[in-house]
>>> print(open('target_28.txt').read())   # compact mmCIF, N, CA and C atoms and all ligand atoms
# COMPACT_ATOMS: atom_id res chain seq x y z
N MET C 1140 4.09 -77.84 -17.83
CA MET C 1140 4.40 -79.20 -18.29
C MET C 1140 4.58 -80.13 -17.09
N TYR C 1141 3.91 -81.28 -17.13
CA TYR C 1141 3.98 -82.22 -16.00
C TYR C 1141 4.65 -83.53 -16.43
N ASP C 1142 5.31 -84.16 -15.46
CA ASP C 1142 5.85 -85.50 -15.72
C ASP C 1142 4.75 -86.55 -15.58
N TYR C 1143 3.83 -86.30 -14.60
CA TYR C 1143 2.73 -87.25 -14.37
C TYR C 1143 1.42 -86.51 -14.18
N VAL C 1144 0.37 -87.01 -14.80
CA VAL C 1144 -0.99 -86.56 -14.50
C VAL C 1144 -1.61 -87.72 -13.71
N ILE C 1145 -1.99 -87.44 -12.46
CA ILE C 1145 -2.44 -88.49 -11.55
C ILE C 1145 -3.94 -88.30 -11.31
N VAL C 1146 -4.72 -89.32 -11.66
CA VAL C 1146 -6.18 -89.21 -11.54
C VAL C 1146 -6.60 -89.82 -10.21
N GLY C 1147 -7.08 -88.96 -9.30
CA GLY C 1147 -7.50 -89.38 -7.97
C GLY C 1147 -6.47 -88.96 -6.93
N SER C 1148 -6.94 -88.76 -5.71
CA SER C 1148 -6.04 -88.35 -4.63
C SER C 1148 -6.22 -89.23 -3.40
N GLY C 1149 -6.51 -90.51 -3.62
CA GLY C 1149 -6.59 -91.47 -2.51
C GLY C 1149 -5.19 -91.82 -2.03
N LEU C 1150 -5.11 -92.76 -1.11
CA LEU C 1150 -3.82 -93.14 -0.52
C LEU C 1150 -2.75 -93.43 -1.57
N PHE C 1151 -3.14 -94.23 -2.55
CA PHE C 1151 -2.15 -94.61 -3.56
C PHE C 1151 -1.61 -93.37 -4.27
N CYS C 1152 -2.52 -92.56 -4.78
CA CYS C 1152 -2.10 -91.42 -5.61
C CYS C 1152 -1.31 -90.37 -4.82
N VAL C 1153 -1.73 -90.12 -3.56
CA VAL C 1153 -1.01 -89.09 -2.81
C VAL C 1153 0.40 -89.56 -2.43
N VAL C 1154 0.55 -90.85 -2.14
CA VAL C 1154 1.88 -91.37 -1.83
C VAL C 1154 2.75 -91.31 -3.09
N PHE C 1155 2.16 -91.71 -4.21
CA PHE C 1155 2.91 -91.67 -5.47
C PHE C 1155 3.34 -90.22 -5.79
N ALA C 1156 2.40 -89.28 -5.66
CA ALA C 1156 2.72 -87.88 -5.97
C ALA C 1156 3.81 -87.36 -5.02
N HIS C 1157 3.69 -87.72 -3.75
CA HIS C 1157 4.68 -87.28 -2.76
C HIS C 1157 6.08 -87.80 -3.11
N GLU C 1158 6.16 -89.08 -3.45
CA GLU C 1158 7.46 -89.67 -3.77
C GLU C 1158 8.02 -89.12 -5.08
N MET C 1159 7.16 -88.89 -6.04
CA MET C 1159 7.64 -88.35 -7.32
C MET C 1159 8.14 -86.92 -7.15
N LYS C 1160 7.45 -86.15 -6.31
CA LYS C 1160 7.89 -84.77 -6.06
C LYS C 1160 9.27 -84.78 -5.40
N LYS C 1161 9.46 -85.68 -4.44
CA LYS C 1161 10.77 -85.80 -3.78
C LYS C 1161 11.85 -86.17 -4.79
N ALA C 1162 11.45 -86.93 -5.82
CA ALA C 1162 12.41 -87.36 -6.85
C ALA C 1162 12.60 -86.28 -7.92
N GLY C 1163 11.95 -85.12 -7.72
CA GLY C 1163 12.15 -84.01 -8.65
C GLY C 1163 11.20 -83.98 -9.83
N ARG C 1164 10.15 -84.81 -9.78
CA ARG C 1164 9.18 -84.84 -10.87
C ARG C 1164 8.03 -83.90 -10.57
N LYS C 1165 7.40 -83.43 -11.65
CA LYS C 1165 6.27 -82.51 -11.48
C LYS C 1165 4.97 -83.28 -11.73
N CYS C 1166 4.03 -83.17 -10.78
CA CYS C 1166 2.78 -83.95 -10.87
C CYS C 1166 1.57 -83.03 -10.88
N LEU C 1167 0.58 -83.41 -11.65
CA LEU C 1167 -0.73 -82.76 -11.59
C LEU C 1167 -1.70 -83.81 -11.05
N VAL C 1168 -2.33 -83.51 -9.89
CA VAL C 1168 -3.28 -84.44 -9.29
C VAL C 1168 -4.70 -83.92 -9.57
N LEU C 1169 -5.52 -84.78 -10.19
CA LEU C 1169 -6.90 -84.42 -10.50
C LEU C 1169 -7.82 -85.20 -9.57
N GLU C 1170 -8.75 -84.52 -8.92
CA GLU C 1170 -9.65 -85.18 -7.97
C GLU C 1170 -11.07 -84.70 -8.21
N ARG C 1171 -12.01 -85.62 -8.31
CA ARG C 1171 -13.40 -85.22 -8.58
C ARG C 1171 -14.18 -84.90 -7.31
N ARG C 1172 -13.68 -85.35 -6.16
CA ARG C 1172 -14.33 -84.98 -4.90
C ARG C 1172 -13.86 -83.58 -4.50
N THR C 1173 -14.47 -83.04 -3.47
CA THR C 1173 -14.12 -81.69 -3.04
C THR C 1173 -12.96 -81.70 -2.04
N HIS C 1174 -12.33 -82.86 -1.84
CA HIS C 1174 -11.23 -82.97 -0.89
C HIS C 1174 -10.25 -84.02 -1.40
N VAL C 1175 -9.03 -83.98 -0.83
CA VAL C 1175 -8.05 -85.02 -1.14
C VAL C 1175 -8.16 -86.13 -0.10
N GLY C 1176 -7.49 -87.25 -0.35
CA GLY C 1176 -7.43 -88.33 0.65
C GLY C 1176 -8.28 -89.54 0.33
N GLY C 1177 -9.15 -89.42 -0.67
CA GLY C 1177 -9.98 -90.58 -1.04
C GLY C 1177 -10.80 -91.08 0.13
N ASN C 1178 -10.86 -92.40 0.29
CA ASN C 1178 -11.72 -92.99 1.32
C ASN C 1178 -11.16 -92.88 2.74
N VAL C 1179 -9.92 -92.42 2.87
CA VAL C 1179 -9.40 -92.23 4.23
C VAL C 1179 -9.47 -90.76 4.67
N TYR C 1180 -10.20 -89.96 3.91
CA TYR C 1180 -10.36 -88.54 4.27
C TYR C 1180 -11.01 -88.39 5.65
N CYS C 1181 -10.47 -87.46 6.44
CA CYS C 1181 -11.04 -87.16 7.76
C CYS C 1181 -11.51 -85.72 7.80
N GLU C 1182 -12.58 -85.49 8.51
CA GLU C 1182 -12.99 -84.11 8.78
C GLU C 1182 -13.03 -83.92 10.28
N GLU C 1183 -12.83 -82.65 10.68
CA GLU C 1183 -12.77 -82.37 12.10
C GLU C 1183 -14.09 -81.81 12.58
N LYS C 1184 -14.63 -82.45 13.61
CA LYS C 1184 -15.87 -81.95 14.22
C LYS C 1184 -15.64 -81.81 15.71
N GLU C 1185 -15.81 -80.59 16.19
CA GLU C 1185 -15.63 -80.30 17.62
C GLU C 1185 -14.30 -80.86 18.15
N GLY C 1186 -13.25 -80.66 17.36
CA GLY C 1186 -11.90 -81.06 17.79
C GLY C 1186 -11.60 -82.54 17.63
N ILE C 1187 -12.54 -83.30 17.04
CA ILE C 1187 -12.33 -84.74 16.87
C ILE C 1187 -12.25 -85.05 15.38
N ARG C 1188 -11.24 -85.83 14.98
CA ARG C 1188 -11.11 -86.18 13.57
C ARG C 1188 -11.96 -87.42 13.28
N ILE C 1189 -12.83 -87.30 12.27
CA ILE C 1189 -13.80 -88.37 11.96
C ILE C 1189 -13.63 -88.79 10.50
N HIS C 1190 -13.58 -90.11 10.28
CA HIS C 1190 -13.52 -90.62 8.91
C HIS C 1190 -14.87 -90.46 8.24
N ARG C 1191 -14.92 -89.71 7.17
CA ARG C 1191 -16.20 -89.46 6.50
C ARG C 1191 -16.78 -90.74 5.88
N TYR C 1192 -15.91 -91.61 5.37
CA TYR C 1192 -16.42 -92.76 4.61
C TYR C 1192 -16.41 -94.07 5.40
N GLY C 1193 -16.21 -93.98 6.71
CA GLY C 1193 -16.20 -95.18 7.54
C GLY C 1193 -14.85 -95.34 8.23
N ALA C 1194 -14.88 -96.03 9.35
CA ALA C 1194 -13.68 -96.15 10.19
C ALA C 1194 -12.59 -96.98 9.51
N HIS C 1195 -11.35 -96.53 9.67
CA HIS C 1195 -10.19 -97.27 9.18
C HIS C 1195 -9.28 -97.60 10.35
N ILE C 1196 -8.61 -98.73 10.26
CA ILE C 1196 -7.56 -99.03 11.23
C ILE C 1196 -6.26 -99.18 10.46
N PHE C 1197 -5.15 -99.03 11.18
CA PHE C 1197 -3.85 -99.23 10.53
C PHE C 1197 -3.04 -100.20 11.35
N HIS C 1198 -2.52 -101.23 10.71
CA HIS C 1198 -1.61 -102.12 11.43
C HIS C 1198 -0.54 -102.63 10.48
N THR C 1199 0.66 -102.75 11.03
CA THR C 1199 1.77 -103.31 10.27
C THR C 1199 2.80 -103.86 11.25
N SER C 1200 3.54 -104.86 10.82
CA SER C 1200 4.67 -105.35 11.62
C SER C 1200 5.97 -104.97 10.93
N ASN C 1201 5.86 -104.14 9.89
CA ASN C 1201 7.02 -103.76 9.10
C ASN C 1201 7.53 -102.39 9.57
N LYS C 1202 8.71 -102.38 10.14
CA LYS C 1202 9.28 -101.15 10.72
C LYS C 1202 9.42 -100.05 9.66
N LYS C 1203 9.80 -100.44 8.46
CA LYS C 1203 9.98 -99.46 7.38
C LYS C 1203 8.65 -98.76 7.06
N VAL C 1204 7.57 -99.54 7.01
CA VAL C 1204 6.24 -98.99 6.75
C VAL C 1204 5.81 -98.09 7.90
N TRP C 1205 6.04 -98.56 9.13
CA TRP C 1205 5.67 -97.78 10.32
C TRP C 1205 6.39 -96.42 10.31
N ASN C 1206 7.69 -96.43 10.05
CA ASN C 1206 8.46 -95.18 10.01
C ASN C 1206 7.98 -94.28 8.88
N TYR C 1207 7.61 -94.89 7.76
CA TYR C 1207 7.15 -94.09 6.62
C TYR C 1207 5.87 -93.32 6.97
N VAL C 1208 4.88 -94.00 7.52
CA VAL C 1208 3.61 -93.32 7.80
C VAL C 1208 3.74 -92.31 8.93
N ASN C 1209 4.66 -92.57 9.85
CA ASN C 1209 4.81 -91.64 10.98
C ASN C 1209 5.49 -90.33 10.61
N GLN C 1210 6.02 -90.24 9.39
CA GLN C 1210 6.57 -88.96 8.97
C GLN C 1210 5.43 -87.97 8.66
N PHE C 1211 4.22 -88.49 8.43
CA PHE C 1211 3.10 -87.63 8.04
C PHE C 1211 2.20 -87.28 9.23
N VAL C 1212 2.05 -88.21 10.15
CA VAL C 1212 1.11 -87.99 11.23
C VAL C 1212 1.52 -88.82 12.43
N GLU C 1213 1.21 -88.30 13.60
CA GLU C 1213 1.53 -89.03 14.82
C GLU C 1213 0.40 -90.01 15.11
N PHE C 1214 0.75 -91.28 15.33
CA PHE C 1214 -0.28 -92.29 15.66
C PHE C 1214 -0.40 -92.43 17.16
C1 LIG I 1 -15.39 -97.87 5.16
C2 LIG I 1 -14.01 -98.31 4.72
C3 LIG I 1 -13.13 -98.84 5.66
C4 LIG I 1 -11.86 -99.26 5.26
N1 LIG I 1 -11.02 -99.71 6.23
C5 LIG I 1 -9.76 -100.02 5.90
C6 LIG I 1 -8.82 -100.38 6.93
O1 LIG I 1 -9.16 -100.45 8.09
N2 LIG I 1 -7.55 -100.67 6.57
C7 LIG I 1 -7.16 -100.62 5.27
O2 LIG I 1 -5.97 -100.87 5.03
N3 LIG I 1 -8.02 -100.27 4.29
C8 LIG I 1 -9.29 -99.95 4.56
N4 LIG I 1 -10.17 -99.58 3.58
C9 LIG I 1 -9.71 -99.54 2.24
C10 LIG I 1 -8.93 -98.27 2.04
O3 LIG I 1 -9.80 -97.16 2.20
C11 LIG I 1 -8.43 -98.32 0.67
O4 LIG I 1 -7.64 -99.48 0.46
C12 LIG I 1 -7.58 -97.12 0.33
O5 LIG I 1 -8.00 -95.93 0.96
C13 LIG I 1 -7.74 -97.02 -1.14
O6 LIG I 1 -6.93 -96.00 -1.58
P1 LIG I 1 -6.87 -95.72 -3.11
O7 LIG I 1 -5.87 -94.61 -3.30
O8 LIG I 1 -6.62 -96.96 -3.87
O9 LIG I 1 -8.36 -95.29 -3.53
P2 LIG I 1 -9.45 -94.30 -2.94
O10 LIG I 1 -9.25 -93.96 -1.51
O11 LIG I 1 -10.76 -94.89 -3.37
O12 LIG I 1 -9.21 -92.97 -3.76
C14 LIG I 1 -9.50 -92.84 -5.13
C15 LIG I 1 -9.72 -91.37 -5.41
O13 LIG I 1 -9.77 -91.19 -6.81
C16 LIG I 1 -10.82 -90.33 -7.13
N5 LIG I 1 -11.22 -90.62 -8.49
C17 LIG I 1 -11.63 -91.81 -8.99
N6 LIG I 1 -11.89 -91.70 -10.31
C18 LIG I 1 -11.64 -90.41 -10.64
C19 LIG I 1 -11.73 -89.69 -11.85
N7 LIG I 1 -12.13 -90.28 -12.98
N8 LIG I 1 -11.40 -88.37 -11.85
C20 LIG I 1 -11.00 -87.76 -10.69
N9 LIG I 1 -10.88 -88.41 -9.50
C21 LIG I 1 -11.21 -89.72 -9.48
C22 LIG I 1 -11.89 -90.65 -6.09
O14 LIG I 1 -12.78 -89.56 -5.94
C23 LIG I 1 -11.05 -90.88 -4.85
O15 LIG I 1 -10.83 -89.70 -4.09
C24 LIG I 1 -11.46 -99.16 3.91
C25 LIG I 1 -12.36 -98.63 2.98
C26 LIG I 1 -13.61 -98.19 3.36
C27 LIG I 1 -14.55 -97.60 2.34
>>> encode(input="target_28.txt", output="C-alpha cells", more="lines below")
Ligand SMILES: Cc1cc2nc3c(=O)[nH]c(=O)nc-3n(C[C@H](O)[C@H](O)[C@H](O)COP(=O)(O)OP(=O)(O)OC[C@H]3O[C@@H](n4cnc5c(N)ncnc54)[C@H](O)[C@@H]3O)c2cc1C
Amino acid sequence: MYDYVIVGSGLFCVVFAHEMKKAGRKCLVLERRTHVGGNVYCEEKEGIRIHRYGAHIFHTSNKKVWNYVNQFVEF
C-alpha cells in the first residue's frame, strides 16, 4: 500500500519522493525510461559525468536552496 504513486522520476518527482519518504510516507515511483533523473540524468564515460539530454547549469542566490542541493552532491 502506497501513500503516493508518482509518475516520472525527473527532478520534481525525485525531490517530492525524497521529502515524502523523510516525512514517513510510502511512495511508488513509476518511470518509463531505463533510468531515474529525467532530463538531468548523467552517465559516466571514462570517469567523466556527461548529461545525456544536454548540458545543464545550476545557479541560485538562495542559501537554503544551495544547502539543500549540496546534501546530495558536491558542486
Ligand atoms: C538540454 C536541456 C538543458 C536544460 N538546462 C537547464 C538548466 O541549465 N537549468 C535548469 O534549471 N533547467 C534546465 N533544463 C530544464 C530541466 O531539465 C528541467 O526543468 C527539469 O529537469 C525538469 O524536471 P521535471 O521533473 O519537471 O521533468 P523531467 O526531467 O522531464 O522528468 C520527467 C520524467 O517523467 C517521465 N515520464 C513522463 N511521463 C511518464 C509516464 N506517463 N510514465 C512514466 N514516466 C513518465 C519521463 O520519462 C521523465 O524521466 C534543461 C532541459 C534540457 C532538455
>>> residues_near_ligand(input="target_28.txt", ligand="ligand LIG 1 (chain I)", cutoff="7 Å", atoms="all atoms listed in the file", output="list in words")
Val1146, Gly1147, Ser1148, Gly1149, Leu1150, Phe1151, Cys1152, Val1153, Leu1169, Glu1170, Arg1171, Arg1172, His1174, Val1175, Gly1176, Gly1177, Asn1178, Val1179, Tyr1180, Tyr1192, Gly1193, Ala1194, His1195, Ile1196, Phe1197 and His1198 of chain C
>>> select_by_dssp(input="target_28.txt", residues="chain C", states="alpha helix (DSSP H)", output="PyMOL selection string")
chain C and resi 1150-1161+1202-1209
>>> select_by_dssp(input="target_28.txt", residues="chain C", states="strand (DSSP E)", output="VMD selection string")
chain C and resid 1143 to 1146 1166 to 1169 1181 to 1184 1187 to 1190
>>> write_last_selection(input="target_28.txt", atoms="N, CA and C atoms", output="PDB file, in the coordinates of the input")
ATOM      1  N   TYR C1143       3.830 -86.300 -14.600  1.00  0.00           N
ATOM      2  CA  TYR C1143       2.730 -87.250 -14.370  1.00  0.00           C
ATOM      3  C   TYR C1143       1.420 -86.510 -14.180  1.00  0.00           C
ATOM      4  N   VAL C1144       0.370 -87.010 -14.800  1.00  0.00           N
ATOM      5  CA  VAL C1144      -0.990 -86.560 -14.500  1.00  0.00           C
ATOM      6  C   VAL C1144      -1.610 -87.720 -13.710  1.00  0.00           C
ATOM      7  N   ILE C1145      -1.990 -87.440 -12.460  1.00  0.00           N
ATOM      8  CA  ILE C1145      -2.440 -88.490 -11.550  1.00  0.00           C
ATOM      9  C   ILE C1145      -3.940 -88.300 -11.310  1.00  0.00           C
ATOM     10  N   VAL C1146      -4.720 -89.320 -11.660  1.00  0.00           N
ATOM     11  CA  VAL C1146      -6.180 -89.210 -11.540  1.00  0.00           C
ATOM     12  C   VAL C1146      -6.600 -89.820 -10.210  1.00  0.00           C
ATOM     13  N   CYS C1166       4.030 -83.170 -10.780  1.00  0.00           N
ATOM     14  CA  CYS C1166       2.780 -83.950 -10.870  1.00  0.00           C
ATOM     15  C   CYS C1166       1.570 -83.030 -10.880  1.00  0.00           C
ATOM     16  N   LEU C1167       0.580 -83.410 -11.650  1.00  0.00           N
ATOM     17  CA  LEU C1167      -0.730 -82.760 -11.590  1.00  0.00           C
ATOM     18  C   LEU C1167      -1.700 -83.810 -11.050  1.00  0.00           C
ATOM     19  N   VAL C1168      -2.330 -83.510  -9.890  1.00  0.00           N
ATOM     20  CA  VAL C1168      -3.280 -84.440  -9.290  1.00  0.00           C
ATOM     21  C   VAL C1168      -4.700 -83.920  -9.570  1.00  0.00           C
ATOM     22  N   LEU C1169      -5.520 -84.780 -10.190  1.00  0.00           N
ATOM     23  CA  LEU C1169      -6.900 -84.420 -10.500  1.00  0.00           C
ATOM     24  C   LEU C1169      -7.820 -85.200  -9.570  1.00  0.00           C
ATOM     25  N   CYS C1181     -10.470 -87.460   6.440  1.00  0.00           N
ATOM     26  CA  CYS C1181     -11.040 -87.160   7.760  1.00  0.00           C
ATOM     27  C   CYS C1181     -11.510 -85.720   7.800  1.00  0.00           C
ATOM     28  N   GLU C1182     -12.580 -85.490   8.510  1.00  0.00           N
ATOM     29  CA  GLU C1182     -12.990 -84.110   8.780  1.00  0.00           C
ATOM     30  C   GLU C1182     -13.030 -83.920  10.280  1.00  0.00           C
ATOM     31  N   GLU C1183     -12.830 -82.650  10.680  1.00  0.00           N
ATOM     32  CA  GLU C1183     -12.770 -82.370  12.100  1.00  0.00           C
ATOM     33  C   GLU C1183     -14.090 -81.810  12.580  1.00  0.00           C
ATOM     34  N   LYS C1184     -14.630 -82.450  13.610  1.00  0.00           N
ATOM     35  CA  LYS C1184     -15.870 -81.950  14.220  1.00  0.00           C
ATOM     36  C   LYS C1184     -15.640 -81.810  15.710  1.00  0.00           C
ATOM     37  N   ILE C1187     -12.540 -83.300  17.040  1.00  0.00           N
ATOM     38  CA  ILE C1187     -12.330 -84.740  16.870  1.00  0.00           C
ATOM     39  C   ILE C1187     -12.250 -85.050  15.380  1.00  0.00           C
ATOM     40  N   ARG C1188     -11.240 -85.830  14.980  1.00  0.00           N
ATOM     41  CA  ARG C1188     -11.110 -86.180  13.570  1.00  0.00           C
ATOM     42  C   ARG C1188     -11.960 -87.420  13.280  1.00  0.00           C
ATOM     43  N   ILE C1189     -12.830 -87.300  12.270  1.00  0.00           N
ATOM     44  CA  ILE C1189     -13.800 -88.370  11.960  1.00  0.00           C
ATOM     45  C   ILE C1189     -13.630 -88.790  10.500  1.00  0.00           C
ATOM     46  N   HIS C1190     -13.580 -90.110  10.280  1.00  0.00           N
ATOM     47  CA  HIS C1190     -13.520 -90.620   8.910  1.00  0.00           C
ATOM     48  C   HIS C1190     -14.870 -90.460   8.240  1.00  0.00           C
TER      49      HIS C1190
END
>>> closest_residue(input="target_28.txt", among="C:His1190, C:Lys1203, C:Lys1165, C:Lys1160", to="Tyr1143 in chain C", atoms="all atoms listed in the file")
C:Lys1165
>>> atom_distance(input="target_28.txt", atom1="atom N of Leu1167 in chain C", atom2="CA of Ile1145 in chain C")
5.9 Å
>>> atom_distance(input="target_28.txt", atom1="atom N of Met1159 in chain C", atom2="atom N of Arg1191 in chain C")
25.7 Å
>>> closest_residue(input="target_28.txt", among="C:Val1212, C:Asn1201, C:Glu1183, C:Ala1156", to="Val1168 in chain C", atoms="all atoms listed in the file")
C:Ala1156
>>> decode(input="target_28.txt", residues="chain C", atoms="C-alpha atoms", output="PDB file, in the first residue's frame")
ATOM      1  CA  MET C1140       0.000   0.000   0.000  1.00  0.00           C
ATOM      2  CA  TYR C1141       1.398   3.402  -1.019  1.00  0.00           C
ATOM      3  CA  ASP C1142       0.602   6.932   0.091  1.00  0.00           C
ATOM      4  CA  TYR C1143       1.676   8.322  -3.298  1.00  0.00           C
ATOM      5  CA  VAL C1144       2.070   6.890  -6.781  1.00  0.00           C
ATOM      6  CA  ILE C1145       4.485   9.244  -8.551  1.00  0.00           C
ATOM      7  CA  VAL C1146       4.623   9.159 -12.346  1.00  0.00           C
ATOM      8  CA  GLY C1147       8.099  10.080 -13.585  1.00  0.00           C
ATOM      9  CA  SER C1148      11.464  10.370 -11.851  1.00  0.00           C
ATOM     10  CA  GLY C1149      12.683  13.785 -13.017  1.00  0.00           C
ATOM     11  CA  LEU C1150      13.884  16.482 -10.632  1.00  0.00           C
ATOM     12  CA  PHE C1151      10.430  17.323  -9.404  1.00  0.00           C
ATOM     13  CA  CYS C1152       9.336  13.760  -8.705  1.00  0.00           C
ATOM     14  CA  VAL C1153      12.564  12.608  -7.064  1.00  0.00           C
ATOM     15  CA  VAL C1154      12.623  15.610  -4.719  1.00  0.00           C
ATOM     16  CA  PHE C1155       8.973  15.052  -3.872  1.00  0.00           C
ATOM     17  CA  ALA C1156       9.553  11.326  -3.243  1.00  0.00           C
ATOM     18  CA  HIS C1157      12.624  12.087  -1.123  1.00  0.00           C
ATOM     19  CA  GLU C1158      10.760  14.600   1.040  1.00  0.00           C
ATOM     20  CA  MET C1159       7.705  12.375   1.422  1.00  0.00           C
ATOM     21  CA  LYS C1160       9.870   9.435   2.486  1.00  0.00           C
ATOM     22  CA  LYS C1161      11.523  11.640   5.121  1.00  0.00           C
ATOM     23  CA  ALA C1162       8.019  12.551   6.307  1.00  0.00           C
ATOM     24  CA  GLY C1163       7.241   8.846   6.735  1.00  0.00           C
ATOM     25  CA  ARG C1164       5.135   8.382   3.604  1.00  0.00           C
ATOM     26  CA  LYS C1165       5.446   5.433   1.264  1.00  0.00           C
ATOM     27  CA  CYS C1166       5.934   6.250  -2.439  1.00  0.00           C
ATOM     28  CA  LEU C1167       5.878   4.216  -5.624  1.00  0.00           C
ATOM     29  CA  VAL C1168       7.834   5.933  -8.427  1.00  0.00           C
ATOM     30  CA  LEU C1169       7.000   4.832 -11.979  1.00  0.00           C
ATOM     31  CA  GLU C1170       9.445   5.714 -14.762  1.00  0.00           C
ATOM     32  CA  ARG C1171       9.179   4.807 -18.444  1.00  0.00           C
ATOM     33  CA  ARG C1172      12.841   5.455 -19.210  1.00  0.00           C
ATOM     34  CA  THR C1173      15.513   2.950 -18.234  1.00  0.00           C
ATOM     35  CA  HIS C1174      16.971   5.352 -15.641  1.00  0.00           C
ATOM     36  CA  VAL C1175      15.893   7.846 -12.997  1.00  0.00           C
ATOM     37  CA  GLY C1176      16.644  11.581 -13.078  1.00  0.00           C
ATOM     38  CA  GLY C1177      14.628  12.685 -16.098  1.00  0.00           C
ATOM     39  CA  ASN C1178      16.374  15.265 -18.267  1.00  0.00           C
ATOM     40  CA  VAL C1179      19.167  15.867 -15.759  1.00  0.00           C
ATOM     41  CA  TYR C1180      20.299  12.230 -15.891  1.00  0.00           C
ATOM     42  CA  CYS C1181      24.081  11.798 -16.164  1.00  0.00           C
ATOM     43  CA  GLU C1182      26.065   8.843 -17.371  1.00  0.00           C
ATOM     44  CA  GLU C1183      29.711   8.210 -16.694  1.00  0.00           C
ATOM     45  CA  LYS C1184      32.119   7.794 -19.569  1.00  0.00           C
ATOM     46  CA  GLU C1185      35.804   7.275 -18.890  1.00  0.00           C
ATOM     47  CA  GLY C1186      35.438   8.795 -15.419  1.00  0.00           C
ATOM     48  CA  ILE C1187      33.584  11.889 -16.665  1.00  0.00           C
ATOM     49  CA  ARG C1188      29.922  12.542 -15.871  1.00  0.00           C
ATOM     50  CA  ILE C1189      28.010  13.574 -19.014  1.00  0.00           C
ATOM     51  CA  HIS C1190      24.448  14.864 -19.307  1.00  0.00           C
ATOM     52  CA  ARG C1191      22.688  12.546 -21.735  1.00  0.00           C
ATOM     53  CA  TYR C1192      19.987  15.043 -22.713  1.00  0.00           C
ATOM     54  CA  GLY C1193      22.114  18.195 -22.959  1.00  0.00           C
ATOM     55  CA  ALA C1194      24.164  20.373 -20.647  1.00  0.00           C
ATOM     56  CA  HIS C1195      22.589  21.848 -17.516  1.00  0.00           C
ATOM     57  CA  ILE C1196      23.841  24.612 -15.287  1.00  0.00           C
ATOM     58  CA  PHE C1197      22.794  25.348 -11.729  1.00  0.00           C
ATOM     59  CA  HIS C1198      22.672  28.771 -10.154  1.00  0.00           C
ATOM     60  CA  THR C1199      20.937  30.239  -7.142  1.00  0.00           C
ATOM     61  CA  SER C1200      21.425  33.127  -4.736  1.00  0.00           C
ATOM     62  CA  ASN C1201      19.242  31.392  -2.151  1.00  0.00           C
ATOM     63  CA  LYS C1202      21.314  29.873   0.663  1.00  0.00           C
ATOM     64  CA  LYS C1203      18.525  27.471   1.632  1.00  0.00           C
ATOM     65  CA  VAL C1204      18.372  26.089  -1.931  1.00  0.00           C
ATOM     66  CA  TRP C1205      22.170  25.868  -2.125  1.00  0.00           C
ATOM     67  CA  ASN C1206      22.348  23.914   1.152  1.00  0.00           C
ATOM     68  CA  TYR C1207      19.516  21.649   0.029  1.00  0.00           C
ATOM     69  CA  VAL C1208      21.162  20.554  -3.227  1.00  0.00           C
ATOM     70  CA  ASN C1209      24.567  20.139  -1.608  1.00  0.00           C
ATOM     71  CA  GLN C1210      23.226  17.403   0.647  1.00  0.00           C
ATOM     72  CA  PHE C1211      23.005  15.196  -2.469  1.00  0.00           C
ATOM     73  CA  VAL C1212      26.130  16.042  -4.413  1.00  0.00           C
ATOM     74  CA  GLU C1213      29.242  18.134  -4.141  1.00  0.00           C
ATOM     75  CA  PHE C1214      29.306  21.052  -6.592  1.00  0.00           C
TER      76      PHE C1214
END
